[in-house]
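Trainee: Contents of input17.tsv (TSV, N, CA and C atoms) are given next:
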```tsv
chain	number	residue	atom	x	y	z
A	1	MET	N	-19.54	29.49	-34.11
A	1	MET	CA	-19.33	29.93	-35.48
A	1	MET	C	-19.12	28.72	-36.37
A	2	PHE	N	-19.48	28.86	-37.63
A	2	PHE	CA	-19.27	27.79	-38.59
A	2	PHE	C	-17.78	27.53	-38.72
A	3	GLY	N	-17.39	26.28	-38.65
A	3	GLY	CA	-15.97	25.95	-38.76
A	3	GLY	C	-15.27	25.77	-37.43
A	4	ASP	N	-15.90	26.20	-36.33
A	4	ASP	CA	-15.27	26.00	-35.02
A	4	ASP	C	-15.26	24.51	-34.69
A	5	SER	N	-14.25	24.09	-33.98
A	5	SER	CA	-14.09	22.69	-33.63
A	5	SER	C	-13.48	22.58	-32.25
A	6	SER	N	-14.07	21.75	-31.41
A	6	SER	CA	-13.51	21.57	-30.07
A	6	SER	C	-12.34	20.58	-30.07
A	7	ASN	N	-12.24	19.73	-31.13
A	7	ASN	CA	-11.16	18.75	-31.16
A	7	ASN	C	-10.17	18.96	-32.31
A	8	LEU	N	-10.39	20.00	-33.12
A	8	LEU	CA	-9.49	20.40	-34.20
A	8	LEU	C	-9.16	19.27	-35.17
A	9	THR	N	-10.15	18.42	-35.45
A	9	THR	CA	-9.97	17.35	-36.41
A	9	THR	C	-10.65	17.71	-37.73
A	10	ILE	N	-10.27	17.01	-38.78
A	10	ILE	CA	-10.90	17.19	-40.09
A	10	ILE	C	-12.20	16.40	-40.08
A	11	THR	N	-13.28	17.04	-40.46
A	11	THR	CA	-14.57	16.36	-40.48
A	11	THR	C	-14.76	15.60	-41.80
A	12	GLU	N	-15.66	14.66	-41.78
A	12	GLU	CA	-16.00	13.91	-42.99
A	12	GLU	C	-16.63	14.86	-44.00
A	13	PRO	N	-16.35	14.67	-45.26
A	13	PRO	CA	-15.72	13.52	-45.90
A	13	PRO	C	-14.21	13.64	-46.05
A	14	GLY	N	-13.56	14.56	-45.32
A	14	GLY	CA	-12.12	14.75	-45.45
A	14	GLY	C	-11.30	13.49	-45.23
A	15	PRO	N	-11.42	12.83	-44.06
A	15	PRO	CA	-10.61	11.63	-43.83
A	15	PRO	C	-10.88	10.52	-44.85
A	16	SER	N	-12.14	10.32	-45.21
A	16	SER	CA	-12.46	9.28	-46.20
A	16	SER	C	-11.85	9.61	-47.55
A	17	THR	N	-11.88	10.88	-47.93
A	17	THR	CA	-11.29	11.30	-49.20
A	17	THR	C	-9.79	11.09	-49.19
A	18	ILE	N	-9.14	11.46	-48.10
A	18	ILE	CA	-7.69	11.25	-47.99
A	18	ILE	C	-7.37	9.76	-48.11
A	19	ASN	N	-8.10	8.92	-47.39
A	19	ASN	CA	-7.85	7.48	-47.43
A	19	ASN	C	-8.06	6.92	-48.83
A	20	ASN	N	-9.16	7.28	-49.48
A	20	ASN	CA	-9.49	6.73	-50.79
A	20	ASN	C	-8.54	7.23	-51.88
A	21	VAL	N	-8.31	8.52	-51.93
A	21	VAL	CA	-7.48	9.09	-53.00
A	21	VAL	C	-6.00	8.80	-52.77
A	22	CYS	N	-5.52	9.09	-51.58
A	22	CYS	CA	-4.09	8.91	-51.30
A	22	CYS	C	-3.72	7.44	-51.25
A	23	GLY	N	-4.69	6.57	-51.05
A	23	GLY	CA	-4.42	5.15	-51.08
A	23	GLY	C	-4.31	4.61	-52.49
A	24	ALA	N	-4.76	5.39	-53.49
A	24	ALA	CA	-4.79	4.91	-54.87
A	24	ALA	C	-3.77	5.58	-55.78
A	25	VAL	N	-3.50	6.86	-55.54
A	25	VAL	CA	-2.59	7.61	-56.41
A	25	VAL	C	-1.72	8.53	-55.56
A	26	LYS	N	-0.67	9.09	-56.16
A	26	LYS	CA	0.11	10.11	-55.45
A	26	LYS	C	-0.82	11.30	-55.21
A	27	CYS	N	-0.71	11.89	-54.04
A	27	CYS	CA	-1.64	12.98	-53.75
A	27	CYS	C	-1.01	14.08	-52.92
A	28	VAL	N	-1.53	15.27	-53.13
A	28	VAL	CA	-1.20	16.44	-52.34
A	28	VAL	C	-2.49	16.85	-51.64
A	29	VAL	N	-2.46	16.93	-50.34
A	29	VAL	CA	-3.63	17.35	-49.58
A	29	VAL	C	-3.47	18.83	-49.27
A	30	VAL	N	-4.47	19.62	-49.66
A	30	VAL	CA	-4.48	21.05	-49.39
A	30	VAL	C	-5.48	21.30	-48.27
A	31	VAL	N	-4.99	21.79	-47.15
A	31	VAL	CA	-5.84	22.09	-46.00
A	31	VAL	C	-6.16	23.57	-46.03
A	32	VAL	N	-7.46	23.87	-46.11
A	32	VAL	CA	-7.92	25.25	-46.08
A	32	VAL	C	-8.58	25.45	-44.72
A	33	SER	N	-7.84	26.08	-43.82
A	33	SER	CA	-8.34	26.28	-42.45
A	33	SER	C	-7.70	27.52	-41.87
A	34	GLY	N	-8.28	28.02	-40.83
A	34	GLY	CA	-7.74	29.21	-40.18
A	34	GLY	C	-6.78	28.88	-39.06
A	35	ARG	N	-6.54	27.60	-38.85
A	35	ARG	CA	-5.68	27.15	-37.74
A	35	ARG	C	-5.16	25.77	-38.06
A	36	PRO	N	-4.09	25.33	-37.39
A	36	PRO	CA	-3.66	23.95	-37.58
A	36	PRO	C	-4.76	22.99	-37.13
A	37	VAL	N	-4.84	21.87	-37.80
A	37	VAL	CA	-5.78	20.81	-37.42
A	37	VAL	C	-5.00	19.52	-37.28
A	38	VAL	N	-5.59	18.53	-36.62
A	38	VAL	CA	-4.91	17.26	-36.38
A	38	VAL	C	-4.74	16.53	-37.71
A	39	MET	N	-3.48	16.36	-38.13
A	39	MET	CA	-3.16	15.68	-39.39
A	39	MET	C	-2.42	14.37	-39.17
A	40	GLU	N	-1.97	14.12	-37.96
A	40	GLU	CA	-1.13	12.96	-37.65
A	40	GLU	C	-1.67	11.64	-38.20
A	41	PRO	N	-2.95	11.33	-38.06
A	41	PRO	CA	-3.38	10.01	-38.56
A	41	PRO	C	-3.37	9.89	-40.08
A	42	HIS	N	-3.21	10.99	-40.79
A	42	HIS	CA	-3.31	10.98	-42.25
A	42	HIS	C	-1.98	11.21	-42.96
A	43	ILE	N	-0.98	11.72	-42.27
A	43	ILE	CA	0.28	12.14	-42.89
A	43	ILE	C	0.95	11.02	-43.67
A	44	ALA	N	0.98	9.83	-43.15
A	44	ALA	CA	1.69	8.73	-43.80
A	44	ALA	C	1.10	8.38	-45.16
A	45	LYS	N	-0.15	8.71	-45.39
A	45	LYS	CA	-0.81	8.40	-46.66
A	45	LYS	C	-0.53	9.45	-47.74
A	46	MET	N	-0.09	10.63	-47.34
A	46	MET	CA	0.07	11.76	-48.26
A	46	MET	C	1.47	11.80	-48.86
A	47	ASP	N	1.54	12.34	-50.08
A	47	ASP	CA	2.84	12.65	-50.67
A	47	ASP	C	3.26	14.06	-50.30
A	48	ALA	N	2.30	14.92	-50.06
A	48	ALA	CA	2.59	16.30	-49.66
A	48	ALA	C	1.38	16.89	-48.95
A	49	LEU	N	1.65	17.85	-48.09
A	49	LEU	CA	0.60	18.58	-47.37
A	49	LEU	C	0.85	20.07	-47.56
A	50	VAL	N	-0.18	20.79	-47.95
A	50	VAL	CA	-0.09	22.24	-48.11
A	50	VAL	C	-1.11	22.87	-47.17
A	51	ALA	N	-0.64	23.76	-46.31
A	51	ALA	CA	-1.53	24.53	-45.45
A	51	ALA	C	-1.82	25.84	-46.18
A	52	ALA	N	-2.99	25.93	-46.79
A	52	ALA	CA	-3.36	27.12	-47.55
A	52	ALA	C	-4.02	28.17	-46.66
A	53	TRP	N	-4.22	27.84	-45.40
A	53	TRP	CA	-4.89	28.71	-44.44
A	53	TRP	C	-6.21	29.18	-45.00
A	54	LEU	N	-6.46	30.45	-45.08
A	54	LEU	CA	-7.72	30.96	-45.63
A	54	LEU	C	-7.39	31.93	-46.77
A	55	PRO	N	-7.26	31.42	-47.99
A	55	PRO	CA	-6.80	32.27	-49.09
A	55	PRO	C	-7.82	33.28	-49.58
A	56	GLY	N	-9.06	33.20	-49.12
A	56	GLY	CA	-10.08	34.16	-49.54
A	56	GLY	C	-10.25	34.14	-51.05
A	57	THR	N	-10.18	35.31	-51.66
A	57	THR	CA	-10.38	35.40	-53.11
A	57	THR	C	-9.11	35.04	-53.88
A	58	GLU	N	-8.04	34.69	-53.18
A	58	GLU	CA	-6.76	34.41	-53.84
A	58	GLU	C	-6.47	32.92	-53.98
A	59	GLY	N	-7.51	32.11	-54.05
A	59	GLY	CA	-7.33	30.68	-54.22
A	59	GLY	C	-6.56	30.32	-55.48
A	60	GLN	N	-6.69	31.14	-56.51
A	60	GLN	CA	-5.96	30.86	-57.74
A	60	GLN	C	-4.45	30.93	-57.49
A	61	GLY	N	-4.01	31.76	-56.57
A	61	GLY	CA	-2.60	31.83	-56.23
A	61	GLY	C	-2.09	30.51	-55.68
A	62	VAL	N	-2.93	29.82	-54.93
A	62	VAL	CA	-2.56	28.51	-54.40
A	62	VAL	C	-2.39	27.52	-55.55
A	63	THR	N	-3.33	27.52	-56.48
A	63	THR	CA	-3.22	26.59	-57.62
A	63	THR	C	-2.04	26.95	-58.51
A	64	ASP	N	-1.77	28.24	-58.68
A	64	ASP	CA	-0.60	28.65	-59.49
A	64	ASP	C	0.68	28.05	-58.92
A	65	ALA	N	0.81	28.07	-57.60
A	65	ALA	CA	2.00	27.51	-56.95
A	65	ALA	C	2.01	25.99	-57.04
A	66	LEU	N	0.87	25.36	-56.82
A	66	LEU	CA	0.80	23.90	-56.86
A	66	LEU	C	1.12	23.34	-58.24
A	67	PHE	N	0.70	24.04	-59.28
A	67	PHE	CA	0.92	23.56	-60.64
A	67	PHE	C	2.22	24.08	-61.24
A	68	GLY	N	3.03	24.76	-60.44
A	68	GLY	CA	4.36	25.16	-60.86
A	68	GLY	C	4.43	26.41	-61.71
A	69	ASP	N	3.33	27.17	-61.79
A	69	ASP	CA	3.35	28.41	-62.58
A	69	ASP	C	4.25	29.45	-61.93
A	70	TYR	N	4.33	29.44	-60.63
A	70	TYR	CA	5.13	30.40	-59.87
A	70	TYR	C	5.82	29.66	-58.74
A	71	GLY	N	6.99	30.12	-58.37
A	71	GLY	CA	7.66	29.60	-57.20
A	71	GLY	C	7.05	30.23	-55.96
A	72	PHE	N	7.32	29.63	-54.82
A	72	PHE	CA	6.80	30.20	-53.58
A	72	PHE	C	7.69	29.80	-52.42
A	73	THR	N	7.56	30.50	-51.34
A	73	THR	CA	8.18	30.14	-50.08
A	73	THR	C	7.07	29.99	-49.06
A	74	GLY	N	7.05	28.87	-48.39
A	74	GLY	CA	6.05	28.62	-47.36
A	74	GLY	C	6.71	28.15	-46.10
A	75	LYS	N	6.59	28.89	-45.04
A	75	LYS	CA	7.17	28.54	-43.74
A	75	LYS	C	6.10	28.70	-42.67
A	76	LEU	N	6.04	27.75	-41.77
A	76	LEU	CA	5.04	27.82	-40.71
A	76	LEU	C	5.33	28.95	-39.73
A	77	ALA	N	4.30	29.70	-39.44
A	77	ALA	CA	4.41	30.80	-38.49
A	77	ALA	C	4.10	30.34	-37.07
A	78	ARG	N	3.83	29.06	-36.94
A	78	ARG	CA	3.54	28.47	-35.64
A	78	ARG	C	3.94	27.01	-35.65
A	79	THR	N	4.07	26.42	-34.51
A	79	THR	CA	4.34	25.00	-34.39
A	79	THR	C	3.04	24.25	-34.64
A	80	TRP	N	3.12	23.15	-35.41
A	80	TRP	CA	1.93	22.36	-35.73
A	80	TRP	C	1.95	21.10	-34.87
A	81	PHE	N	0.97	20.96	-34.00
A	81	PHE	CA	0.88	19.87	-33.05
A	81	PHE	C	0.46	18.55	-33.72
A	82	LYS	N	0.75	17.44	-33.03
A	82	LYS	CA	0.29	16.13	-33.50
A	82	LYS	C	-1.13	15.85	-33.01
A	83	SER	N	-1.40	16.23	-31.76
A	83	SER	CA	-2.73	16.00	-31.19
A	83	SER	C	-3.08	17.16	-30.27
A	84	VAL	N	-4.36	17.32	-30.01
A	84	VAL	CA	-4.79	18.41	-29.14
A	84	VAL	C	-4.32	18.20	-27.70
A	85	ASP	N	-3.94	16.99	-27.36
A	85	ASP	CA	-3.41	16.73	-26.01
A	85	ASP	C	-2.12	17.48	-25.76
A	86	GLN	N	-1.44	17.90	-26.83
A	86	GLN	CA	-0.18	18.64	-26.70
A	86	GLN	C	-0.39	20.13	-26.48
A	87	LEU	N	-1.60	20.61	-26.59
A	87	LEU	CA	-1.87	22.04	-26.48
A	87	LEU	C	-1.96	22.48	-25.04
A	88	PRO	N	-1.56	23.67	-24.69
A	88	PRO	CA	-0.92	24.65	-25.58
A	88	PRO	C	0.53	24.25	-25.87
A	89	MET	N	0.99	24.62	-27.04
A	89	MET	CA	2.34	24.28	-27.47
A	89	MET	C	3.02	25.55	-27.96
A	90	ASN	N	4.16	25.85	-27.37
A	90	ASN	CA	4.95	26.99	-27.80
A	90	ASN	C	6.15	26.51	-28.59
A	91	PHE	N	6.60	27.30	-29.53
A	91	PHE	CA	7.69	26.87	-30.41
A	91	PHE	C	8.98	26.56	-29.68
A	92	ASP	N	9.18	27.16	-28.52
A	92	ASP	CA	10.45	26.96	-27.81
A	92	ASP	C	10.35	25.99	-26.64
A	93	ASP	N	9.23	25.25	-26.55
A	93	ASP	CA	9.11	24.23	-25.51
A	93	ASP	C	10.07	23.09	-25.82
A	94	SER	N	10.98	22.82	-24.92
A	94	SER	CA	11.98	21.77	-25.17
A	94	SER	C	11.37	20.37	-25.10
A	95	HIS	N	10.24	20.22	-24.45
A	95	HIS	CA	9.64	18.90	-24.27
A	95	HIS	C	8.61	18.56	-25.35
A	96	ASN	N	8.34	19.48	-26.25
A	96	ASN	CA	7.30	19.18	-27.23
A	96	ASN	C	7.81	18.27	-28.34
A	97	ASP	N	6.89	17.58	-28.97
A	97	ASP	CA	7.19	16.68	-30.08
A	97	ASP	C	6.18	16.98	-31.17
A	98	PRO	N	6.33	18.12	-31.85
A	98	PRO	CA	5.32	18.54	-32.81
A	98	PRO	C	5.34	17.72	-34.10
A	99	LEU	N	4.28	17.82	-34.84
A	99	LEU	CA	4.24	17.22	-36.17
A	99	LEU	C	5.18	17.99	-37.08
A	100	PHE	N	5.10	19.34	-37.01
A	100	PHE	CA	6.00	20.22	-37.76
A	100	PHE	C	6.45	21.35	-36.85
A	101	HIS	N	7.74	21.62	-36.83
A	101	HIS	CA	8.29	22.68	-36.00
A	101	HIS	C	8.00	24.07	-36.59
A	102	PHE	N	8.00	25.06	-35.73
A	102	PHE	CA	7.93	26.46	-36.15
A	102	PHE	C	8.97	26.71	-37.23
A	103	GLY	N	8.59	27.34	-38.34
A	103	GLY	CA	9.51	27.65	-39.42
A	103	GLY	C	9.67	26.55	-40.46
A	104	PHE	N	9.04	25.38	-40.24
A	104	PHE	CA	9.13	24.29	-41.20
A	104	PHE	C	8.49	24.72	-42.52
A	105	GLY	N	9.06	24.32	-43.61
A	105	GLY	CA	8.49	24.64	-44.91
A	105	GLY	C	9.49	24.45	-46.02
A	106	LEU	N	9.21	25.05	-47.15
A	106	LEU	CA	10.10	24.90	-48.29
A	106	LEU	C	9.98	26.09	-49.22
A	107	THR	N	10.93	26.15	-50.14
A	107	THR	CA	10.94	27.18	-51.19
A	107	THR	C	11.04	26.45	-52.52
A	108	THR	N	10.23	26.87	-53.48
A	108	THR	CA	10.26	26.27	-54.80
A	108	THR	C	10.55	27.31	-55.86
A	109	LYS	N	10.87	26.82	-57.05
A	109	LYS	CA	11.04	27.69	-58.22
A	109	LYS	C	9.98	27.30	-59.23
A	110	PRO	N	9.59	28.22	-60.10
A	110	PRO	CA	8.58	27.86	-61.10
A	110	PRO	C	9.13	26.77	-62.02
A	111	VAL	N	8.24	25.86	-62.42
A	111	VAL	CA	8.64	24.80	-63.36
A	111	VAL	C	8.03	25.00	-64.74
A	112	LYS	N	7.12	25.96	-64.84
A	112	LYS	CA	6.49	26.27	-66.12
A	112	LYS	C	6.92	27.66	-66.56
A	113	ALA	N	6.95	27.85	-67.86
A	113	ALA	CA	7.24	29.19	-68.39
A	113	ALA	C	6.02	30.07	-68.19
A	114	ASN	N	6.22	31.25	-67.66
A	114	ASN	CA	5.11	32.21	-67.50
A	114	ASN	C	4.89	32.96	-68.80
A	115	TYR	N	3.65	33.02	-69.21
A	115	TYR	CA	3.32	33.67	-70.47
A	115	TYR	C	2.81	35.07	-70.25
```
Before we go any further, please render this structure as structure tokens.
Mentor:
Amino acid sequence: MFGDSSNLTITEPGPSTINNVCGAVKCVVVVVSGRPVVMEPHIAKMDALVAAWLPGTEGQGVTDALFGDYGFTGKLARTWFKSVDQLPMNFDDSHNDPLFHFGFGLTTKPVKANY
């Protein structure tokens, strides 16, 4: 199927874009995927990472939250691995060293007045 990946990495031009943009200005990387992907080599370059999963026709809701029109709560429903070598990874594995733990996330408040 289109989008399937045996190594769960971001394909080009994703890594090049992250390197070029995040190396020059503050940046928020929005990942639109149906599953976690390997982000470890890119995290240090980012100011923020948003897992938008597959918003379908509701992409505007993602931008509304990013631009502060509405507050949101975002918590991971799964543990996010650093590399595919760690898979399978369960949230309660005591030996795992994930990139982000199950439940990681944040809650924001709107910063703009809603009209």
Trainee: Taking into account all atoms listed in the file, which residue in the set A:Glu58, A:Val29, A:Cys22, A:Phe67 is nearest to Lys45 (chain A)?
Mentor: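 Checking each candidate against Lys45 (chain A), we get A:Cys22 as the closest.
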Trainee: For a quick check of understanding, using only C-alpha atoms, which of A:Leu66, A:Gly59, A:Pro41, A:Ser5 has the smallest distance to Val28 (chain A)?
Mentor: A:Leu66
Trainee: Mind checking which residues fall within 6 Å of region 108-112 of chain A, counting only N, CA and C atoms, ignoring those fewer than 4 positions away in the same chain, and posting them as a list of chain:residue names?
Mentor: A:Gly68, A:Asp69, A:Tyr70, A:Gly71, A:Phe72, A:Thr73
Trainee: Write the selection just made, keeping N, CA and C atoms, as a PDB file, in the frame of the given file?
Mentor:
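What landed in selection06.pdb:
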```pdb
ATOM      1  N   GLY A  68       3.030  24.760 -60.440  1.00  0.00           N
ATOM      2  CA  GLY A  68       4.360  25.160 -60.860  1.00  0.00           C
ATOM      3  C   GLY A  68       4.430  26.410 -61.710  1.00  0.00           C
ATOM      4  N   ASP A  69       3.330  27.170 -61.790  1.00  0.00           N
ATOM      5  CA  ASP A  69       3.350  28.410 -62.580  1.00  0.00           C
ATOM      6  C   ASP A  69       4.250  29.450 -61.930  1.00  0.00           C
ATOM      7  N   TYR A  70       4.330  29.440 -60.630  1.00  0.00           N
ATOM      8  CA  TYR A  70       5.130  30.400 -59.870  1.00  0.00           C
ATOM      9  C   TYR A  70       5.820  29.660 -58.740  1.00  0.00           C
ATOM     10  N   GLY A  71       6.990  30.120 -58.370  1.00  0.00           N
ATOM     11  CA  GLY A  71       7.660  29.600 -57.200  1.00  0.00           C
ATOM     12  C   GLY A  71       7.050  30.230 -55.960  1.00  0.00           C
ATOM     13  N   PHE A  72       7.320  29.630 -54.820  1.00  0.00           N
ATOM     14  CA  PHE A  72       6.800  30.200 -53.580  1.00  0.00           C
ATOM     15  C   PHE A  72       7.690  29.800 -52.420  1.00  0.00           C
ATOM     16  N   THR A  73       7.560  30.500 -51.340  1.00  0.00           N
ATOM     17  CA  THR A  73       8.180  30.140 -50.080  1.00  0.00           C
ATOM     18  C   THR A  73       7.070  29.990 -49.060  1.00  0.00           C
TER      19      THR A  73
END
```
Trainee: Restricting the calculation to all atoms listed in the file: of A:Ala65, A:Ile18, A:Val84, A:Asn90, which residue gets closest to Met46 (chain A)?
Mentor: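 Distance minimum relative to Met46 (chain A) lands on A:Ile18.
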Trainee: Apply DSSP to the structure's backbone, then extract all residues of region 18-101 of chain A labelled strand (DSSP E) and return them as a PyMOL selection string.
Mentor: chain A and resi 28-31+48-51+73-75
Trainee: Figure out the distance between CA of Gly23 (chain A) and CA of Asp85 (chain A), please, to one decimal in Å.
Mentor: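 Interatomic distance, CA of Asp85 (chain A) to CA of Gly23 (chain A): 27.6 Å.
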Trainee: Skip Gly105 (chain A) itself and residues of its chain fewer than 3 positions away, then list as a CSV table (one decimal) with N, CA and C atoms, in the frame of the given file all residues within 8 Å of it, counting all atoms listed in the file.
Mentor:
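Okay, this is what ended up in selection.csv:
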```
chain,number,residue,atom,x,y,z
A,73,THR,N,7.6,30.5,-51.3
A,73,THR,CA,8.2,30.1,-50.1
A,73,THR,C,7.1,30.0,-49.1
A,74,GLY,N,7.0,28.9,-48.4
A,74,GLY,CA,6.0,28.6,-47.4
A,74,GLY,C,6.7,28.2,-46.1
A,75,LYS,N,6.6,28.9,-45.0
A,75,LYS,CA,7.2,28.5,-43.7
A,75,LYS,C,6.1,28.7,-42.7
A,76,LEU,N,6.0,27.8,-41.8
A,76,LEU,CA,5.0,27.8,-40.7
A,76,LEU,C,5.3,29.0,-39.7
A,100,PHE,N,5.1,19.3,-37.0
A,100,PHE,CA,6.0,20.2,-37.8
A,100,PHE,C,6.4,21.4,-36.8
A,101,HIS,N,7.7,21.6,-36.8
A,101,HIS,CA,8.3,22.7,-36.0
A,101,HIS,C,8.0,24.1,-36.6
A,102,PHE,N,8.0,25.1,-35.7
A,102,PHE,CA,7.9,26.5,-36.2
A,102,PHE,C,9.0,26.7,-37.2
A,108,THR,N,10.2,26.9,-53.5
A,108,THR,CA,10.3,26.3,-54.8
A,108,THR,C,10.6,27.3,-55.9
```
